[in-house]
$ cat final01.pdb   # PDB, N, CA and C atoms, pLDDT in the B column
ATOM      1  N   MET A 160      28.671  -5.166 106.768  1.00 97.00           N
ATOM      2  CA  MET A 160      28.897  -3.755 106.537  1.00 97.00           C
ATOM      3  C   MET A 160      28.094  -3.352 105.303  1.00 97.00           C
ATOM      4  N   ASP A 161      27.408  -2.229 105.415  1.00 98.00           N
ATOM      5  CA  ASP A 161      26.610  -1.698 104.309  1.00 98.00           C
ATOM      6  C   ASP A 161      27.285  -0.431 103.787  1.00 98.00           C
ATOM      7  N   ILE A 162      27.696  -0.458 102.528  1.00 98.00           N
ATOM      8  CA  ILE A 162      28.403   0.661 101.914  1.00 98.00           C
ATOM      9  C   ILE A 162      27.584   1.173 100.740  1.00 98.00           C
ATOM     10  N   LYS A 163      27.406   2.485 100.704  1.00 98.00           N
ATOM     11  CA  LYS A 163      26.703   3.109  99.594  1.00 98.00           C
ATOM     12  C   LYS A 163      27.607   4.171  98.966  1.00 98.00           C
ATOM     13  N   VAL A 164      27.721   4.108  97.651  1.00 98.00           N
ATOM     14  CA  VAL A 164      28.436   5.128  96.896  1.00 98.00           C
ATOM     15  C   VAL A 164      27.361   5.995  96.251  1.00 98.00           C
ATOM     16  N   LEU A 165      27.336   7.273  96.629  1.00 98.00           N
ATOM     17  CA  LEU A 165      26.317   8.181  96.136  1.00 98.00           C
ATOM     18  C   LEU A 165      26.859   9.032  95.004  1.00 98.00           C
ATOM     19  N   GLY A 166      26.131   9.060  93.905  1.00 96.00           N
ATOM     20  CA  GLY A 166      26.534   9.883  92.776  1.00 96.00           C
ATOM     21  C   GLY A 166      25.718   9.558  91.549  1.00 96.00           C
ATOM     22  N   PRO A 167      25.483  10.566  90.705  1.00 92.00           N
ATOM     23  CA  PRO A 167      24.620  10.388  89.547  1.00 92.00           C
ATOM     24  C   PRO A 167      25.246   9.629  88.377  1.00 92.00           C
ATOM     25  N   GLY A 168      26.517   9.316  88.450  1.00 88.00           N
ATOM     26  CA  GLY A 168      27.148   8.574  87.363  1.00 88.00           C
ATOM     27  C   GLY A 168      28.287   9.318  86.697  1.00 88.00           C
ATOM     28  N   CYS A 169      28.757  10.372  87.321  1.00 91.00           N
ATOM     29  CA  CYS A 169      29.881  11.129  86.765  1.00 91.00           C
ATOM     30  C   CYS A 169      31.177  10.308  86.888  1.00 91.00           C
ATOM     31  N   ALA A 170      32.220  10.774  86.247  1.00 95.00           N
ATOM     32  CA  ALA A 170      33.500  10.053  86.256  1.00 95.00           C
ATOM     33  C   ALA A 170      34.040   9.866  87.675  1.00 95.00           C
ATOM     34  N   LYS A 171      33.931  10.884  88.511  1.00 96.00           N
ATOM     35  CA  LYS A 171      34.434  10.772  89.883  1.00 96.00           C
ATOM     36  C   LYS A 171      33.638   9.750  90.678  1.00 96.00           C
ATOM     37  N   CYS A 172      32.336   9.695  90.449  1.00 95.00           N
ATOM     38  CA  CYS A 172      31.489   8.725  91.150  1.00 95.00           C
ATOM     39  C   CYS A 172      31.862   7.299  90.756  1.00 95.00           C
ATOM     40  N   ILE A 173      32.103   7.098  89.482  1.00 96.00           N
ATOM     41  CA  ILE A 173      32.499   5.780  88.986  1.00 96.00           C
ATOM     42  C   ILE A 173      33.852   5.383  89.550  1.00 96.00           C
ATOM     43  N   THR A 174      34.781   6.335  89.598  1.00 97.00           N
ATOM     44  CA  THR A 174      36.109   6.072  90.158  1.00 97.00           C
ATOM     45  C   THR A 174      36.021   5.700  91.629  1.00 97.00           C
ATOM     46  N   LEU A 175      35.190   6.428  92.395  1.00 98.00           N
ATOM     47  CA  LEU A 175      35.043   6.121  93.824  1.00 98.00           C
ATOM     48  C   LEU A 175      34.480   4.723  94.007  1.00 98.00           C
ATOM     49  N   GLU A 176      33.472   4.363  93.224  1.00 97.00           N
ATOM     50  CA  GLU A 176      32.894   3.022  93.346  1.00 97.00           C
ATOM     51  C   GLU A 176      33.941   1.947  93.061  1.00 97.00           C
ATOM     52  N   LYS A 177      34.727   2.122  92.013  1.00 97.00           N
ATOM     53  CA  LYS A 177      35.774   1.152  91.682  1.00 97.00           C
ATOM     54  C   LYS A 177      36.796   1.033  92.804  1.00 97.00           C
ATOM     55  N   SER A 178      37.183   2.165  93.388  1.00 98.00           N
ATOM     56  CA  SER A 178      38.165   2.160  94.477  1.00 98.00           C
ATOM     57  C   SER A 178      37.604   1.459  95.711  1.00 98.00           C
ATOM     58  N   VAL A 179      36.362   1.723  96.026  1.00 98.00           N
ATOM     59  CA  VAL A 179      35.725   1.076  97.186  1.00 98.00           C
ATOM     60  C   VAL A 179      35.678  -0.435  96.978  1.00 98.00           C
ATOM     61  N   ARG A 180      35.262  -0.851  95.796  1.00 98.00           N
ATOM     62  CA  ARG A 180      35.204  -2.290  95.517  1.00 98.00           C
ATOM     63  C   ARG A 180      36.592  -2.932  95.601  1.00 98.00           C
ATOM     64  N   ALA A 181      37.614  -2.230  95.139  1.00 98.00           N
ATOM     65  CA  ALA A 181      38.979  -2.753  95.199  1.00 98.00           C
ATOM     66  C   ALA A 181      39.443  -2.929  96.645  1.00 98.00           C
ATOM     67  N   VAL A 182      39.151  -1.961  97.483  1.00 98.00           N
ATOM     68  CA  VAL A 182      39.547  -2.045  98.897  1.00 98.00           C
ATOM     69  C   VAL A 182      38.796  -3.175  99.589  1.00 98.00           C
ATOM     70  N   VAL A 183      37.499  -3.278  99.358  1.00 98.00           N
ATOM     71  CA  VAL A 183      36.698  -4.344  99.975  1.00 98.00           C
ATOM     72  C   VAL A 183      37.228  -5.710  99.542  1.00 98.00           C
ATOM     73  N   ASP A 184      37.533  -5.872  98.265  1.00 98.00           N
ATOM     74  CA  ASP A 184      38.074  -7.140  97.768  1.00 98.00           C
ATOM     75  C   ASP A 184      39.442  -7.433  98.374  1.00 98.00           C
ATOM     76  N   ARG A 185      40.302  -6.420  98.393  1.00 97.00           N
ATOM     77  CA  ARG A 185      41.665  -6.621  98.909  1.00 97.00           C
ATOM     78  C   ARG A 185      41.653  -7.007 100.384  1.00 97.00           C
ATOM     79  N   LEU A 186      40.783  -6.368 101.156  1.00 97.00           N
ATOM     80  CA  LEU A 186      40.711  -6.648 102.593  1.00 97.00           C
ATOM     81  C   LEU A 186      39.776  -7.810 102.914  1.00 97.00           C
ATOM     82  N   GLN A 187      39.107  -8.326 101.889  1.00 97.00           N
ATOM     83  CA  GLN A 187      38.152  -9.420 102.040  1.00 97.00           C
ATOM     84  C   GLN A 187      37.110  -9.111 103.121  1.00 97.00           C
ATOM     85  N   LEU A 188      36.539  -7.918 103.026  1.00 97.00           N
ATOM     86  CA  LEU A 188      35.539  -7.486 103.997  1.00 97.00           C
ATOM     87  C   LEU A 188      34.166  -8.024 103.626  1.00 97.00           C
ATOM     88  N   PRO A 189      33.393  -8.441 104.625  1.00 97.00           N
ATOM     89  CA  PRO A 189      32.011  -8.842 104.357  1.00 97.00           C
ATOM     90  C   PRO A 189      31.167  -7.577 104.222  1.00 97.00           C
ATOM     91  N   ALA A 190      30.933  -7.148 102.997  1.00 97.00           N
ATOM     92  CA  ALA A 190      30.243  -5.884 102.779  1.00 97.00           C
ATOM     93  C   ALA A 190      29.297  -5.983 101.594  1.00 97.00           C
ATOM     94  N   THR A 191      28.240  -5.201 101.679  1.00 98.00           N
ATOM     95  CA  THR A 191      27.324  -5.014 100.569  1.00 98.00           C
ATOM     96  C   THR A 191      27.564  -3.608 100.033  1.00 98.00           C
ATOM     97  N   ILE A 192      27.875  -3.511  98.753  1.00 98.00           N
ATOM     98  CA  ILE A 192      28.147  -2.214  98.139  1.00 98.00           C
ATOM     99  C   ILE A 192      27.007  -1.891  97.181  1.00 98.00           C
ATOM    100  N   THR A 193      26.418  -0.726  97.376  1.00 98.00           N
ATOM    101  CA  THR A 193      25.320  -0.282  96.531  1.00 98.00           C
ATOM    102  C   THR A 193      25.672   1.056  95.917  1.00 98.00           C
ATOM    103  N   LYS A 194      25.412   1.207  94.627  1.00 97.00           N
ATOM    104  CA  LYS A 194      25.598   2.490  93.940  1.00 97.00           C
ATOM    105  C   LYS A 194      24.242   3.176  93.915  1.00 97.00           C
ATOM    106  N   VAL A 195      24.167   4.352  94.525  1.00 97.00           N
ATOM    107  CA  VAL A 195      22.926   5.121  94.584  1.00 97.00           C
ATOM    108  C   VAL A 195      23.049   6.284  93.614  1.00 97.00           C
ATOM    109  N   ASP A 196      22.192   6.289  92.588  1.00 95.00           N
ATOM    110  CA  ASP A 196      22.291   7.358  91.595  1.00 95.00           C
ATOM    111  C   ASP A 196      21.025   8.212  91.500  1.00 95.00           C
ATOM    112  N   ASP A 197      20.002   7.864  92.252  1.00 96.00           N
ATOM    113  CA  ASP A 197      18.780   8.675  92.259  1.00 96.00           C
ATOM    114  C   ASP A 197      19.004   9.935  93.102  1.00 96.00           C
ATOM    115  N   ILE A 198      18.793  11.092  92.486  1.00 94.00           N
ATOM    116  CA  ILE A 198      19.101  12.362  93.152  1.00 94.00           C
ATOM    117  C   ILE A 198      18.294  12.555  94.436  1.00 94.00           C
ATOM    118  N   MET A 199      17.063  12.077  94.472  1.00 95.00           N
ATOM    119  CA  MET A 199      16.242  12.222  95.681  1.00 95.00           C
ATOM    120  C   MET A 199      16.808  11.358  96.820  1.00 95.00           C
ATOM    121  N   ASP A 200      17.266  10.167  96.487  1.00 96.00           N
ATOM    122  CA  ASP A 200      17.884   9.299  97.497  1.00 96.00           C
ATOM    123  C   ASP A 200      19.186   9.910  98.009  1.00 96.00           C
ATOM    124  N   ILE A 201      19.952  10.513  97.111  1.00 96.00           N
ATOM    125  CA  ILE A 201      21.207  11.156  97.506  1.00 96.00           C
ATOM    126  C   ILE A 201      20.921  12.335  98.428  1.00 96.00           C
ATOM    127  N   MET A 202      19.947  13.146  98.070  1.00 95.00           N
ATOM    128  CA  MET A 202      19.602  14.318  98.888  1.00 95.00           C
ATOM    129  C   MET A 202      19.066  13.926 100.263  1.00 95.00           C
ATOM    130  N   ALA A 203      18.491  12.733 100.382  1.00 96.00           N
ATOM    131  CA  ALA A 203      17.994  12.258 101.676  1.00 96.00           C
ATOM    132  C   ALA A 203      19.128  12.127 102.697  1.00 96.00           C
ATOM    133  N   TYR A 204      20.359  11.993 102.211  1.00 96.00           N
ATOM    134  CA  TYR A 204      21.527  11.930 103.096  1.00 96.00           C
ATOM    135  C   TYR A 204      22.091  13.322 103.389  1.00 96.00           C
ATOM    136  N   GLY A 205      21.462  14.352 102.854  1.00 94.00           N
ATOM    137  CA  GLY A 205      21.947  15.714 103.056  1.00 94.00           C
ATOM    138  C   GLY A 205      23.133  16.048 102.170  1.00 94.00           C
ATOM    139  N   ILE A 206      23.308  15.282 101.117  1.00 93.00           N
ATOM    140  CA  ILE A 206      24.433  15.459 100.211  1.00 93.00           C
ATOM    141  C   ILE A 206      24.046  16.433  99.099  1.00 93.00           C
ATOM    142  N   MET A 207      24.854  17.476  98.931  1.00 90.00           N
ATOM    143  CA  MET A 207      24.622  18.431  97.853  1.00 90.00           C
ATOM    144  C   MET A 207      25.747  18.392  96.822  1.00 90.00           C
ATOM    145  N   SER A 208      26.821  17.667  97.143  1.00 94.00           N
ATOM    146  CA  SER A 208      27.973  17.578  96.244  1.00 94.00           C
ATOM    147  C   SER A 208      28.458  16.131  96.226  1.00 94.00           C
ATOM    148  N   THR A 209      28.581  15.567  95.046  1.00 96.00           N
ATOM    149  CA  THR A 209      29.005  14.181  94.922  1.00 96.00           C
ATOM    150  C   THR A 209      30.405  14.116  94.328  1.00 96.00           C
ATOM    151  N   PRO A 210      31.077  12.996  94.465  1.00 97.00           N
ATOM    152  CA  PRO A 210      30.615  11.734  95.020  1.00 97.00           C
ATOM    153  C   PRO A 210      30.598  11.759  96.542  1.00 97.00           C
ATOM    154  N   ALA A 211      29.898  10.784  97.099  1.00 98.00           N
ATOM    155  CA  ALA A 211      29.844  10.652  98.549  1.00 98.00           C
ATOM    156  C   ALA A 211      29.883   9.171  98.901  1.00 98.00           C
ATOM    157  N   LEU A 212      30.304   8.909 100.127  1.00 98.00           N
ATOM    158  CA  LEU A 212      30.414   7.537 100.602  1.00 98.00           C
ATOM    159  C   LEU A 212      29.713   7.430 101.946  1.00 98.00           C
ATOM    160  N   VAL A 213      28.849   6.427 102.056  1.00 98.00           N
ATOM    161  CA  VAL A 213      28.104   6.183 103.284  1.00 98.00           C
ATOM    162  C   VAL A 213      28.456   4.782 103.763  1.00 98.00           C
ATOM    163  N   VAL A 214      28.885   4.667 105.029  1.00 98.00           N
ATOM    164  CA  VAL A 214      29.236   3.375 105.607  1.00 98.00           C
ATOM    165  C   VAL A 214      28.337   3.145 106.821  1.00 98.00           C
ATOM    166  N   ASP A 215      27.562   2.081 106.755  1.00 98.00           N
ATOM    167  CA  ASP A 215      26.626   1.736 107.829  1.00 98.00           C
ATOM    168  C   ASP A 215      25.760   2.928 108.235  1.00 98.00           C
ATOM    169  N   GLY A 216      25.251   3.638 107.233  1.00 97.00           N
ATOM    170  CA  GLY A 216      24.331   4.745 107.467  1.00 97.00           C
ATOM    171  C   GLY A 216      24.964   6.079 107.795  1.00 97.00           C
ATOM    172  N   LYS A 217      26.289   6.121 107.919  1.00 97.00           N
ATOM    173  CA  LYS A 217      26.983   7.364 108.264  1.00 97.00           C
ATOM    174  C   LYS A 217      27.752   7.896 107.053  1.00 97.00           C
ATOM    175  N   VAL A 218      27.539   9.163 106.729  1.00 98.00           N
ATOM    176  CA  VAL A 218      28.263   9.789 105.627  1.00 98.00           C
ATOM    177  C   VAL A 218      29.709  10.025 106.088  1.00 98.00           C
ATOM    178  N   VAL A 219      30.659   9.397 105.388  1.00 98.00           N
ATOM    179  CA  VAL A 219      32.071   9.522 105.772  1.00 98.00           C
ATOM    180  C   VAL A 219      32.883  10.341 104.773  1.00 98.00           C
ATOM    181  N   LEU A 220      32.298  10.588 103.594  1.00 98.00           N
ATOM    182  CA  LEU A 220      33.007  11.339 102.562  1.00 98.00           C
ATOM    183  C   LEU A 220      31.974  11.994 101.665  1.00 98.00           C
ATOM    184  N   LYS A 221      32.222  13.272 101.338  1.00 96.00           N
ATOM    185  CA  LYS A 221      31.301  13.919 100.397  1.00 96.00           C
ATOM    186  C   LYS A 221      32.020  14.990  99.608  1.00 96.00           C
ATOM    187  N   GLY A 222      31.646  15.065  98.334  1.00 96.00           N
ATOM    188  CA  GLY A 222      32.135  16.121  97.470  1.00 96.00           C
ATOM    189  C   GLY A 222      33.535  15.977  96.933  1.00 96.00           C
ATOM    190  N   ARG A 223      34.156  14.812  97.120  1.00 97.00           N
ATOM    191  CA  ARG A 223      35.516  14.626  96.611  1.00 97.00           C
ATOM    192  C   ARG A 223      35.843  13.142  96.524  1.00 97.00           C
ATOM    193  N   LEU A 224      36.935  12.852  95.852  1.00 97.00           N
ATOM    194  CA  LEU A 224      37.443  11.484  95.788  1.00 97.00           C
ATOM    195  C   LEU A 224      38.354  11.211  96.976  1.00 97.00           C
ATOM    196  N   ALA A 225      38.567   9.949  97.247  1.00 97.00           N
ATOM    197  CA  ALA A 225      39.511   9.533  98.284  1.00 97.00           C
ATOM    198  C   ALA A 225      40.400   8.450  97.688  1.00 97.00           C
ATOM    199  N   ASP A 226      41.654   8.415  98.120  1.00 96.00           N
ATOM    200  CA  ASP A 226      42.514   7.334  97.644  1.00 96.00           C
ATOM    201  C   ASP A 226      42.192   6.059  98.432  1.00 96.00           C
ATOM    202  N   GLU A 227      42.756   4.950  97.989  1.00 96.00           N
ATOM    203  CA  GLU A 227      42.415   3.667  98.612  1.00 96.00           C
ATOM    204  C   GLU A 227      42.820   3.598 100.077  1.00 96.00           C
ATOM    205  N   LYS A 228      43.909   4.256 100.441  1.00 97.00           N
ATOM    206  CA  LYS A 228      44.332   4.247 101.843  1.00 97.00           C
ATOM    207  C   LYS A 228      43.289   4.947 102.722  1.00 97.00           C
ATOM    208  N   GLU A 229      42.762   6.067 102.248  1.00 98.00           N
ATOM    209  CA  GLU A 229      41.738   6.786 103.008  1.00 98.00           C
ATOM    210  C   GLU A 229      40.443   5.981 103.067  1.00 98.00           C
ATOM    211  N   ILE A 230      40.078   5.353 101.965  1.00 98.00           N
ATOM    212  CA  ILE A 230      38.879   4.509 101.949  1.00 98.00           C
ATOM    213  C   ILE A 230      39.029   3.380 102.955  1.00 98.00           C
ATOM    214  N   GLU A 231      40.201   2.784 102.983  1.00 97.00           N
ATOM    215  CA  GLU A 231      40.462   1.715 103.938  1.00 97.00           C
ATOM    216  C   GLU A 231      40.241   2.188 105.376  1.00 97.00           C
ATOM    217  N   SER A 232      40.660   3.415 105.690  1.00 97.00           N
ATOM    218  CA  SER A 232      40.473   3.932 107.052  1.00 97.00           C
ATOM    219  C   SER A 232      38.988   4.106 107.379  1.00 97.00           C
ATOM    220  N   PHE A 233      38.162   4.412 106.390  1.00 96.00           N
ATOM    221  CA  PHE A 233      36.724   4.535 106.608  1.00 96.00           C
ATOM    222  C   PHE A 233      36.074   3.188 106.899  1.00 96.00           C
ATOM    223  N   LEU A 234      36.650   2.127 106.339  1.00 95.00           N
ATOM    224  CA  LEU A 234      36.032   0.810 106.439  1.00 95.00           C
ATOM    225  C   LEU A 234      36.515  -0.021 107.613  1.00 95.00           C
ATOM    226  N   LYS A 235      37.524   0.451 108.295  1.00 87.00           N
ATOM    227  CA  LYS A 235      38.047  -0.306 109.455  1.00 87.00           C
ATOM    228  C   LYS A 235      37.371   0.103 110.722  1.00 87.00           C
TER
END

$ encode --input "final01.pdb" --output "structure tokens"
Amino acid sequence: MDIKVLGPGCAKCITLEKSVRAVVDRLQLPATITKVDDIMDIMAYGIMSTPALVVDGKVVLKGRLADEKEIESFLK
């Protein structure tokens, strides 16, 4: 599974990355997590509001935080 957390480094982006890593660790998922902070790379996904979450190339969350239960539903 390829997971990308999109965001320039704001507090919400950092929180989302930490939550994603916690869920992946808890569920012991085989995943690669990448933090994307380059604005041009973020815009390539059509994202205008961060944070955003991309799972296997599909944008599943944008412009807001998600709790761990919601993140888990994105990864299953």

$ closest_residue --input "final01.pdb" --among "A:Ile173, A:Ala211, A:Met202, A:Val179" --to "Arg223 of chain A" --atoms "only N, CA and C atoms"
A:Ala211

$ closest_residue --input "final01.pdb" --among "A:Ser178, A:Lys228, A:Ile162, A:Phe233" --to "Val195 of chain A" --atoms "only N, CA and C atoms"
A:Ile162

$ resolve_selection --input "final01.pdb" --expression "the PyMOL selection byres ((chain A and resi 214) around 8)" --output "PyMOL selection string"
chain A and resi 160-164+211-213+215-220+233-234

$ closest_residue --input "final01.pdb" --among "A:Gly166, A:Glu227, A:Thr209, A:Gly222" --to "Asp197 of chain A" --atoms "only N, CA and C atoms"
A:Gly166

$ atom_distance --input "final01.pdb" --atom1 "atom C of Gly205 of chain A" --atom2 "atom N of Leu188 of chain A"
27.5 Å
